[in-house]
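Coordinates as given in coords00.txt (compact mmCIF, C-alpha atoms):
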# COMPACT_ATOMS: atom_id res chain seq x y z
CA MET A 1 -11.93 43.93 59.17
CA GLN A 2 -8.35 42.83 59.65
CA GLU A 3 -7.22 42.03 63.16
CA THR A 4 -4.08 43.65 64.52
CA LYS A 5 -1.49 41.07 65.44
CA LYS A 6 -0.07 41.34 68.92
CA GLU A 7 3.49 40.80 69.96
CA PRO A 8 4.04 37.61 71.90
CA GLY A 9 4.43 38.06 75.61
CA THR A 10 2.17 41.11 75.95
CA SER A 11 -1.43 41.46 76.82
CA GLY A 12 -2.35 43.39 73.73
CA THR A 13 -4.42 45.89 75.69
CA PRO A 14 -3.48 49.46 76.53
CA ASP A 15 -4.68 49.07 80.10
CA ALA A 16 -2.20 46.35 80.98
CA PRO A 17 1.03 47.03 79.12
CA GLY A 18 3.89 44.62 79.48
CA ILE A 19 2.04 41.92 81.42
CA PRO A 20 3.76 38.66 80.48
CA ALA A 21 1.30 36.37 78.70
CA GLU A 22 3.27 33.32 79.83
CA GLU A 23 2.42 33.82 83.49
CA ALA A 24 -0.47 31.79 84.82
CA GLY A 25 -2.92 33.31 87.25
CA TYR A 26 -5.96 35.53 87.48
CA GLY A 27 -4.30 38.49 89.19
CA ARG A 28 -3.07 40.04 85.95
CA VAL A 29 -6.62 40.13 84.56
CA PHE A 30 -7.69 42.45 87.37
CA ALA A 31 -4.85 44.78 86.43
CA VAL A 32 -7.02 45.82 83.45
CA ARG A 33 -9.26 48.66 84.62
CA GLU A 34 -12.05 48.04 82.12
CA PHE A 35 -12.25 44.39 83.08
CA ARG A 36 -12.83 45.36 86.71
CA ALA A 37 -15.88 47.33 85.58
CA VAL A 38 -17.15 44.44 83.44
CA PHE A 39 -16.58 41.99 86.30
CA ALA A 40 -18.43 44.16 88.83
CA ALA A 41 -21.31 44.72 86.39
CA HIS A 42 -21.55 40.96 85.84
CA ALA A 43 -21.73 40.34 89.58
CA PHE A 44 -24.50 42.92 90.05
CA SER A 45 -26.61 41.75 87.10
CA LEU A 46 -26.20 38.12 88.16
CA LEU A 47 -27.24 38.97 91.70
CA GLY A 48 -30.32 40.69 90.32
CA LEU A 49 -31.24 37.70 88.17
CA MET A 50 -30.92 35.27 91.07
CA ILE A 51 -33.08 37.45 93.31
CA SER A 52 -35.67 37.95 90.58
CA GLU A 53 -35.97 34.21 89.88
CA ILE A 54 -36.60 33.39 93.52
CA ALA A 55 -38.90 36.35 94.14
CA LEU A 56 -40.89 35.72 90.98
CA SER A 57 -41.31 32.04 91.79
CA VAL A 58 -42.58 32.87 95.29
CA LEU A 59 -44.84 35.65 93.98
CA VAL A 60 -46.43 33.39 91.36
CA TYR A 61 -46.98 30.67 93.95
CA ARG A 62 -48.65 33.12 96.33
CA LEU A 63 -50.91 34.39 93.55
CA THR A 64 -51.90 30.94 92.23
CA GLY A 65 -51.20 28.42 94.99
CA SER A 66 -49.91 26.16 92.20
CA PRO A 67 -46.50 24.45 92.43
CA LEU A 68 -46.71 23.86 88.67
CA MET A 69 -47.05 27.58 87.94
CA SER A 70 -44.22 28.35 90.34
CA ALA A 71 -41.95 25.87 88.56
CA LEU A 72 -43.04 27.25 85.21
CA THR A 73 -41.46 30.60 86.06
CA PHE A 74 -38.08 28.83 85.89
CA ALA A 75 -38.89 26.76 82.81
CA VAL A 76 -39.95 29.71 80.66
CA GLY A 77 -36.45 31.09 81.02
CA PHE A 78 -34.93 28.53 78.64
CA LEU A 79 -36.63 28.53 75.22
CA PRO A 80 -36.68 32.34 74.76
CA TYR A 81 -32.88 32.18 74.77
CA LEU A 82 -33.08 30.55 71.35
CA ILE A 83 -35.24 33.37 70.01
CA GLY A 84 -32.99 36.15 71.25
CA GLY A 85 -29.85 34.28 70.29
CA THR A 86 -30.88 33.80 66.66
CA LEU A 87 -33.26 36.57 65.62
CA LEU A 88 -31.58 39.43 67.54
CA ALA A 89 -27.94 38.34 67.45
CA GLY A 90 -27.06 40.90 64.77
CA ILE A 91 -27.50 43.71 67.31
CA ALA A 92 -24.33 42.56 69.08
CA ASP A 93 -22.14 43.51 66.10
CA ARG A 94 -24.00 46.28 64.26
CA PHE A 95 -24.02 48.72 67.20
CA PRO A 96 -21.21 49.82 69.56
CA ALA A 97 -20.81 47.14 72.22
CA ARG A 98 -21.01 49.51 75.18
CA ARG A 99 -24.31 50.91 73.91
CA VAL A 100 -25.72 47.40 73.45
CA LEU A 101 -24.75 46.37 76.98
CA VAL A 102 -26.09 49.50 78.66
CA VAL A 103 -29.37 49.44 76.73
CA CYS A 104 -29.86 45.74 77.53
CA ASP A 105 -29.41 46.46 81.25
CA LEU A 106 -31.86 49.36 81.10
CA VAL A 107 -34.41 47.29 79.17
CA CYS A 108 -34.12 44.46 81.72
CA ALA A 109 -34.58 46.96 84.55
CA GLY A 110 -37.74 48.15 82.80
CA PHE A 111 -39.10 44.61 82.44
CA VAL A 112 -38.56 43.91 86.14
CA ALA A 113 -40.09 47.28 87.05
CA VAL A 114 -43.29 46.16 85.27
CA MET A 115 -43.34 43.05 87.50
CA VAL A 116 -43.24 45.29 90.57
CA LEU A 117 -46.48 47.04 89.64
CA PRO A 118 -49.27 45.99 92.05
CA GLY A 119 -51.68 45.17 89.23
CA ALA A 120 -49.28 42.87 87.37
CA GLY A 121 -51.00 39.49 87.05
CA ILE A 122 -49.66 36.04 86.20
CA ALA A 123 -49.70 36.60 82.45
CA VAL A 124 -47.73 39.83 82.79
CA LEU A 125 -45.21 38.27 85.19
CA LEU A 126 -44.53 35.32 82.89
CA ALA A 127 -44.39 37.57 79.82
CA MET A 128 -41.77 39.77 81.46
CA ARG A 129 -39.84 36.65 82.52
CA CYS A 130 -39.79 35.53 78.89
CA ALA A 131 -38.75 39.00 77.76
CA LEU A 132 -35.77 38.91 80.13
CA ALA A 133 -34.74 35.56 78.65
CA VAL A 134 -34.91 36.99 75.12
CA VAL A 135 -32.55 39.84 76.02
CA ALA A 136 -30.16 37.72 78.11
CA PRO A 137 -28.25 35.93 75.30
CA LEU A 138 -27.80 39.21 73.43
CA PHE A 139 -26.34 40.84 76.55
CA GLN A 140 -24.13 37.89 77.39
CA GLY A 141 -22.90 37.49 73.82
CA ALA A 142 -22.07 41.19 73.51
CA ARG A 143 -20.27 41.07 76.88
CA MET A 144 -18.16 38.09 75.83
CA ALA A 145 -17.24 39.78 72.57
CA THR A 146 -16.40 42.95 74.51
CA LEU A 147 -13.89 40.95 76.55
CA THR A 148 -11.84 40.49 73.38
CA ASP A 149 -11.75 44.28 73.02
CA VAL A 150 -10.80 44.82 76.65
CA LEU A 151 -8.41 41.89 77.13
CA GLY A 152 -7.33 41.03 73.60
CA ASP A 153 -7.90 37.59 72.06
CA GLY A 154 -5.11 35.82 73.93
CA ASP A 155 -4.80 34.24 77.35
CA LEU A 156 -6.15 37.27 79.23
CA PHE A 157 -9.47 36.75 77.44
CA VAL A 158 -9.53 33.09 78.46
CA LEU A 159 -8.87 33.96 82.12
CA GLY A 160 -11.38 36.80 82.07
CA ARG A 161 -14.12 34.60 80.70
CA SER A 162 -13.20 31.91 83.21
CA LEU A 163 -13.63 34.40 86.05
CA LEU A 164 -17.11 35.30 84.83
CA ARG A 165 -18.03 31.61 84.73
CA ILE A 166 -16.67 31.11 88.25
CA VAL A 167 -18.85 33.96 89.50
CA SER A 168 -21.85 32.37 87.79
CA GLN A 169 -21.17 28.98 89.38
CA SER A 170 -20.60 30.58 92.77
CA ALA A 171 -23.96 32.31 92.43
CA LEU A 172 -25.59 28.89 92.17
CA LEU A 173 -24.12 28.03 95.57
CA VAL A 174 -25.00 31.19 97.48
CA GLY A 175 -27.52 33.08 95.38
CA PHE A 176 -30.60 31.08 96.19
CA GLY A 177 -29.73 31.04 99.88
CA LEU A 178 -29.29 34.80 99.96
CA GLY A 179 -32.50 35.24 98.00
CA GLY A 180 -34.36 33.13 100.52
CA LEU A 181 -32.99 35.20 103.41
CA LEU A 182 -33.96 38.40 101.60
CA LEU A 183 -37.53 37.21 101.16
CA SER A 184 -37.76 36.63 104.89
CA VAL A 185 -37.52 40.39 105.48
CA VAL A 186 -39.04 41.93 102.33
CA SER A 187 -41.97 41.07 100.07
CA PRO A 188 -41.40 39.43 96.65
CA ARG A 189 -42.21 42.70 94.89
CA GLY A 190 -39.81 44.49 97.23
CA ALA A 191 -37.11 41.99 96.27
CA LEU A 192 -37.85 42.69 92.60
CA LEU A 193 -37.17 46.37 93.26
CA ILE A 194 -33.69 45.37 94.40
CA THR A 195 -33.28 43.60 91.05
CA VAL A 196 -34.15 46.84 89.26
CA ALA A 197 -31.41 48.56 91.26
CA THR A 198 -28.82 45.90 90.39
CA PHE A 199 -29.53 46.22 86.66
CA LEU A 200 -29.24 50.01 86.87
CA THR A 201 -25.95 49.65 88.76
CA SER A 202 -24.64 47.29 86.10
CA ALA A 203 -25.62 49.78 83.38
CA ALA A 204 -23.79 52.60 85.19
CA LEU A 205 -20.64 50.53 85.65
CA LEU A 206 -20.54 49.61 81.97
CA ARG A 207 -21.35 53.13 80.79
CA PHE A 208 -18.70 54.89 82.87
CA GLY A 209 -16.21 52.05 83.37
CA THR A 210 -15.62 51.02 79.74
CA ARG A 211 -14.57 52.89 76.63
CA ARG A 212 -16.75 53.50 73.62
CA ARG A 213 -15.67 51.44 70.63
CA PRO A 214 -17.10 51.37 67.10
CA ALA A 215 -19.44 48.65 65.93
CA ARG A 216 -17.74 45.53 64.59
CA SER A 217 -19.99 45.28 61.56
CA GLY A 218 -21.39 47.93 59.24
CA ALA A 219 -24.34 45.78 58.15
CA ARG A 220 -27.48 47.69 57.28
CA ALA A 221 -29.70 44.77 56.29
CA PRO A 222 -32.94 44.18 58.23
CA LEU A 223 -32.09 42.95 61.72
CA VAL A 224 -33.65 39.48 61.54
CA ARG A 225 -32.14 38.80 58.12
CA ASP A 226 -28.76 40.04 59.29
CA SER A 227 -28.95 37.92 62.46
CA LEU A 228 -29.87 34.76 60.55
CA SER A 229 -27.22 35.49 57.93
CA GLY A 230 -24.62 35.89 60.66
CA ALA A 231 -25.68 32.60 62.25
CA ARG A 232 -25.32 30.88 58.87
CA GLN A 233 -21.85 32.39 58.42
CA VAL A 234 -20.80 31.23 61.88
CA LEU A 235 -22.16 27.72 61.38
CA ALA A 236 -20.77 27.41 57.86
CA ASP A 237 -17.24 27.12 59.25
CA ARG A 238 -16.49 23.48 60.07
CA ARG A 239 -14.04 24.39 62.83
CA VAL A 240 -16.49 26.77 64.52
CA ARG A 241 -19.30 24.20 64.29
CA VAL A 242 -17.37 21.53 66.10
CA LEU A 243 -16.23 23.97 68.80
CA LEU A 244 -19.81 25.08 69.37
CA LEU A 245 -20.86 21.45 69.74
CA LEU A 246 -18.04 20.91 72.23
CA PHE A 247 -19.45 23.80 74.26
CA TRP A 248 -23.01 22.49 74.03
CA VAL A 249 -22.96 18.68 74.14
CA PRO A 250 -21.27 18.01 77.52
CA PRO A 251 -23.62 20.36 79.44
CA MET A 252 -26.64 18.78 77.76
CA PHE A 253 -25.73 15.48 79.41
CA SER A 254 -24.16 16.89 82.58
CA VAL A 255 -27.46 18.43 83.78
CA ALA A 256 -29.03 14.98 84.26
CA PRO A 257 -28.03 14.57 87.95
CA GLU A 258 -29.12 18.16 88.70
CA ALA A 259 -32.51 17.63 87.06
CA LEU A 260 -32.98 14.37 88.98
CA ALA A 261 -31.37 15.36 92.29
CA ALA A 262 -34.68 15.56 94.18
CA PRO A 263 -35.87 12.01 93.40
CA TYR A 264 -32.38 10.58 93.89
CA ALA A 265 -32.05 12.25 97.29
CA ASP A 266 -35.48 10.93 98.20
CA GLY A 267 -34.44 7.42 97.18
CA LEU A 268 -31.33 7.68 99.35
CA GLY A 269 -33.37 9.02 102.27
CA VAL A 270 -31.00 11.93 102.86
CA GLY A 271 -33.63 14.65 103.13
CA SER A 272 -33.36 18.28 102.09
CA ALA A 273 -29.81 18.61 103.45
CA GLY A 274 -28.63 15.80 101.19
CA LEU A 275 -30.49 17.33 98.27
CA GLY A 276 -28.69 20.62 98.84
CA LEU A 277 -25.33 18.86 98.85
CA LEU A 278 -26.14 17.04 95.62
CA MET A 279 -27.08 20.32 93.98
CA CYS A 280 -23.83 21.95 95.14
CA ALA A 281 -21.36 19.21 94.20
CA LEU A 282 -21.21 19.90 90.46
CA PRO A 283 -20.71 23.69 90.81
CA VAL A 284 -18.06 23.12 93.49
CA GLY A 285 -16.14 20.82 91.16
CA THR A 286 -16.50 23.28 88.29
CA ILE A 287 -15.15 26.17 90.36
CA ALA A 288 -12.24 24.07 91.65
CA GLY A 289 -11.33 22.86 88.18
CA GLU A 290 -11.43 26.31 86.60
CA LEU A 291 -9.49 27.91 89.44
CA TYR A 292 -6.75 25.30 89.22
CA ALA A 293 -6.49 25.43 85.43
CA GLY A 294 -6.52 29.22 85.35
CA SER A 295 -4.10 29.80 88.19
CA ARG A 296 -1.68 26.88 87.87
CA LEU A 297 -1.58 25.88 84.21
CA ARG A 298 -0.07 27.79 81.33
CA PRO A 299 -2.02 28.38 78.10
CA GLU A 300 -0.19 25.60 76.26
CA ALA A 301 -1.05 23.07 78.97
CA ARG A 302 -4.71 24.11 79.01
CA ALA A 303 -4.85 23.69 75.23
CA ARG A 304 -3.26 20.22 75.42
CA LEU A 305 -5.67 19.10 78.14
CA ALA A 306 -8.86 20.51 76.61
CA LEU A 307 -9.84 17.50 74.46
CA PRO A 308 -8.76 14.80 76.96
CA LEU A 309 -10.76 16.58 79.66
CA VAL A 310 -13.86 16.97 77.50
CA CYS A 311 -13.72 13.21 76.81
CA CYS A 312 -13.44 12.39 80.53
CA THR A 313 -15.77 14.91 82.15
CA LEU A 314 -18.86 12.70 81.91
CA LEU A 315 -17.14 9.42 82.75
CA PRO A 316 -17.82 9.72 86.53
CA TYR A 317 -21.57 9.49 85.79
CA ILE A 318 -21.08 5.87 84.78
CA GLY A 319 -20.45 5.19 88.48
CA TYR A 320 -24.18 5.69 89.05
CA VAL A 321 -24.67 2.16 87.69
CA LEU A 322 -23.69 1.03 91.21
CA HIS A 323 -26.44 3.18 92.81
CA PRO A 324 -23.90 5.10 94.95
CA GLY A 325 -24.77 6.54 98.32
CA LEU A 326 -24.56 10.22 99.17
CA LEU A 327 -20.78 10.47 99.72
CA TRP A 328 -19.87 8.57 96.56
CA SER A 329 -22.42 10.54 94.55
CA LEU A 330 -20.89 13.80 95.77
CA LEU A 331 -17.41 12.58 94.78
CA LEU A 332 -18.58 11.55 91.30
CA LEU A 333 -20.33 14.86 90.70
CA THR A 334 -17.37 16.88 91.96
CA LEU A 335 -14.99 14.99 89.68
CA SER A 336 -17.28 15.56 86.72
CA GLY A 337 -17.50 19.27 87.50
CA ALA A 338 -13.72 19.57 87.72
CA GLY A 339 -13.46 18.16 84.20
CA SER A 340 -15.27 21.19 82.83
CA ALA A 341 -11.94 23.04 83.00
CA TYR A 342 -11.74 22.03 79.32
CA SER A 343 -13.69 25.26 78.67
CA LEU A 344 -10.53 27.37 79.06
CA GLY A 345 -8.91 25.63 76.12
CA LEU A 346 -12.07 25.83 74.00
CA ASP A 347 -12.43 29.56 74.69
CA GLN A 348 -9.03 30.27 73.15
CA TRP A 349 -9.73 28.18 70.05
CA PHE A 350 -13.18 29.64 69.59
CA VAL A 351 -12.21 33.31 69.74
CA ARG A 352 -9.41 32.69 67.23
CA ALA A 353 -11.66 30.73 64.86
CA VAL A 354 -14.37 33.40 64.61
CA PRO A 355 -13.74 36.53 62.48
CA GLN A 356 -13.77 39.74 64.50
CA GLU A 357 -16.79 41.16 62.67
CA LEU A 358 -18.85 38.07 63.68
CA ARG A 359 -17.71 37.70 67.28
CA GLY A 360 -20.76 39.30 68.87
CA ARG A 361 -23.14 37.09 66.92
CA ALA A 362 -21.01 33.99 67.49
CA MET A 363 -20.88 34.57 71.27
CA THR A 364 -24.62 35.25 71.35
CA LEU A 365 -25.34 32.07 69.39
CA ASN A 366 -23.07 30.12 71.73
CA THR A 367 -24.90 31.41 74.81
CA ALA A 368 -28.35 30.76 73.31
CA GLY A 369 -27.42 27.24 72.27
CA LEU A 370 -25.90 26.44 75.66
CA MET A 371 -29.01 27.46 77.59
CA THR A 372 -31.34 25.73 75.13
CA VAL A 373 -29.54 22.38 75.17
CA GLN A 374 -29.44 22.41 78.97
CA GLY A 375 -33.21 22.88 79.04
CA VAL A 376 -33.61 20.04 76.55
CA GLY A 377 -31.23 17.87 78.55
CA MET A 378 -33.19 18.41 81.76
CA ALA A 379 -36.47 17.57 80.04
CA LEU A 380 -35.07 14.42 78.40
CA ALA A 381 -33.53 13.26 81.69
CA GLY A 382 -36.91 13.59 83.39
CA VAL A 383 -38.70 11.66 80.65
CA VAL A 384 -36.16 8.82 80.60
CA ALA A 385 -36.09 8.57 84.40
CA GLU A 386 -39.86 8.01 84.41
CA PHE A 387 -39.25 4.67 82.65
CA VAL A 388 -35.83 3.42 83.80
CA GLY A 389 -35.13 5.25 87.07
CA VAL A 390 -32.64 7.90 88.10
CA ALA A 391 -29.46 5.79 88.41
CA VAL A 392 -29.85 4.22 84.97
CA THR A 393 -30.65 7.60 83.42
CA VAL A 394 -27.53 9.26 84.84
CA THR A 395 -25.41 6.26 83.84
CA GLY A 396 -26.82 6.42 80.32
CA ALA A 397 -26.07 10.14 80.17
CA GLY A 398 -22.47 9.36 81.11
CA VAL A 399 -22.08 6.63 78.48
CA LEU A 400 -23.85 8.40 75.61
CA GLY A 401 -22.34 11.76 76.47
CA THR A 402 -18.81 10.33 76.56
CA VAL A 403 -19.28 8.68 73.16
CA CYS A 404 -20.50 11.99 71.69
CA CYS A 405 -17.57 13.85 73.22
CA LEU A 406 -15.08 11.34 71.81
CA LEU A 407 -16.52 11.76 68.31
CA LEU A 408 -16.41 15.55 68.62
CA ALA A 409 -12.83 15.44 69.91
CA VAL A 410 -11.78 13.43 66.85
CA GLU A 411 -13.47 15.98 64.59
CA ALA A 412 -11.80 18.83 66.48
CA ARG A 413 -8.40 17.25 65.82
CA ARG A 414 -9.23 16.96 62.13
CA THR A 415 -10.08 20.66 61.90
CA GLU A 416 -6.92 21.87 63.65
CA GLY A 417 -5.08 22.02 60.35
CA SER A 418 -7.66 24.27 58.72
CA ALA A 419 -7.63 26.54 61.79
CA ALA A 420 -3.84 26.88 61.64
CA GLU A 421 -4.03 27.99 57.99
CA LYS A 422 -6.30 30.97 58.79
File written out as structure tokens:
Amino acid sequence: MQETKKEPGTSGTPDAPGIPAEEAGYGRVFAVREFRAVFAAHAFSLLGLMISEIALSVLVYRLTGSPLMSALTFAVGFLPYLIGGTLLAGIADRFPARRVLVVCDLVCAGFVAVMVLPGAGIAVLLAMRCALAVVAPLFQGARMATLTDVLGDGDLFVLGRSLLRIVSQSALLVGFGLGGLLLSVVSPRGALLITVATFLTSAALLRFGTRRRPARSGARAPLVRDSLSGARQVLADRRVRVLLLLFWVPPMFSVAPEALAAPYADGLGVGSAGLGLLMCALPVGTIAGELYAGSRLRPEARARLALPLVCCTLLPYIGYVLHPGLLWSLLLLTLSGAGSAYSLGLDQWFVRAVPQELRGRAMTLNTAGLMTVQGVGMALAGVVAEFVGVAVTVTGAGVLGTVCCLLLAVEARRTEGSAAEK
């Protein structure tokens, strides 16, 4: 399917005619009516997920009395992403995007409704948690691909995706706190009912707030074969491969301080308050970096800075070699988070490198890979810290991660010529 070229200086969407593409800032994204619906749906579904994770963890602990089983409810949310992101990715392109998004929300509401049933035991709760994680990358990939329909494939898309990431990072700061307050007044199963309501609200917003568009691909092959074939097509492109790795590799290393925050806080003797600050520093830096890049920098500047930033974002971790105290640790983590503003530049390159008929599958694969490598990164950080300690582990993540990013940046430069020829 051939993409329609857009005139420079316009948004390329019928909802926001004449918005200058050269202007920096998020305000013009909200001028697009459909994006407002997608944004609100994202906020509701994210709120539901945060509440469900906390409520499910508390419910499992109350049923078993086991901290291990309670922690397992979080862990089982990682690996199923890989299953959904590879075996089901074809759904994102072979059916109309709005239908995929609405059905995913309704299916997730159904899974959580099963958790609410009084007779649901541990096996059922964990099975439904896994099922949610299988559907999640499909939903997120289809939503990202839908942004290109709603906002075009230019700078509005980059800013729109940035806003969704900012909401996600903000949820890390306030979501767990709000969930804890909610559980002080309602039971865990009552909180799960609220999650059902948020998924249904998201489905309604997407159904009535966005337009129906045809499927991107007319494939009629069996779903699993089509999904795997699409993944092979996406990964066969050298330019797309290196961009995917640039999305995946920095987060794999950046999660080390988060995974090891509890023992590091204990070693510093800063208590639970210090632990909370350590957990918040990276998201705060990420939000600040994205807000600045999106609101103050033009697309050309974000593109120029993308590779330098990706090479520098893990450098602050090397400061852990000095065993920094709480304040210095917070500064290092905030600086590292701010460096993740490189994502705005990568988003633009990625959406232009992937053919339109593969965008849903490519976005789904990107989401699945991102969640999987973060889970692997957390596990590896824990294993290494058992032998060499937290400070050395985080320092090593900074050194090794920076080397990997430098190599990927060189490869990204090499593939720029092939991307320009497309």
message: Need to verify the contact set: segment 101-109 of chain A, 12 Å, all atoms listed in the file, exclusion of same-chain residues closer than 6 positions in sequence. Can you return it as a ChimeraX atom specification?
response: /A:38,41-42,44-46,48-49,52,84,88,91-93,95,115-116,128-146,192-210,212,360
- request: List the neighbours of Asp226 of chain A out to 12 Å using all atoms listed in the file; skip same-chain residues closer than 6 positions along the sequence, and give me the result as a ChimeraX atom specification.
  value: /A:86-94,217-220,232-233,358,361
Would you compute the box with edges along x, y and z of the file around segment 347-366 of chain A, including every atom the file lists for it and 3 Å extra on each side, and give its centre and edge lengths in Å to one decimal, as lines of an AutoDock Vina configuration file?
center_x = -17.2
center_y = 34.7
center_z = 68.6
size_x = 22.3
size_y = 19.0
size_z = 18.2
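Nearest-residue note for Tyr26 of chain A: choosing from A:Gly274, A:Gly160, A:Pro324, A:Pro118, the minimum distance belongs to A:Gly160, counting only C-alpha atoms.
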query: Given the choices A:Gly319, A:Gly152, A:Gly294, A:Gly377, which gets closest to Leu332 of chain A if the distance is worked out from only C-alpha atoms?
result: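 Closest residue, counting only C-alpha atoms: A:Gly319.
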query: Interatomic distance between atom CA of Thr402 of chain A and atom CA of Thr313 of chain A?
result: 7.8 Å
- prompt: So what do you get for atom CA of Tyr264 of chain A versus atom CA of Pro250 of chain A, distance-wise?
  reply: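 Value for the atom CA of Tyr264 of chain A-atom CA of Pro250 of chain A distance: 21.1 Å.
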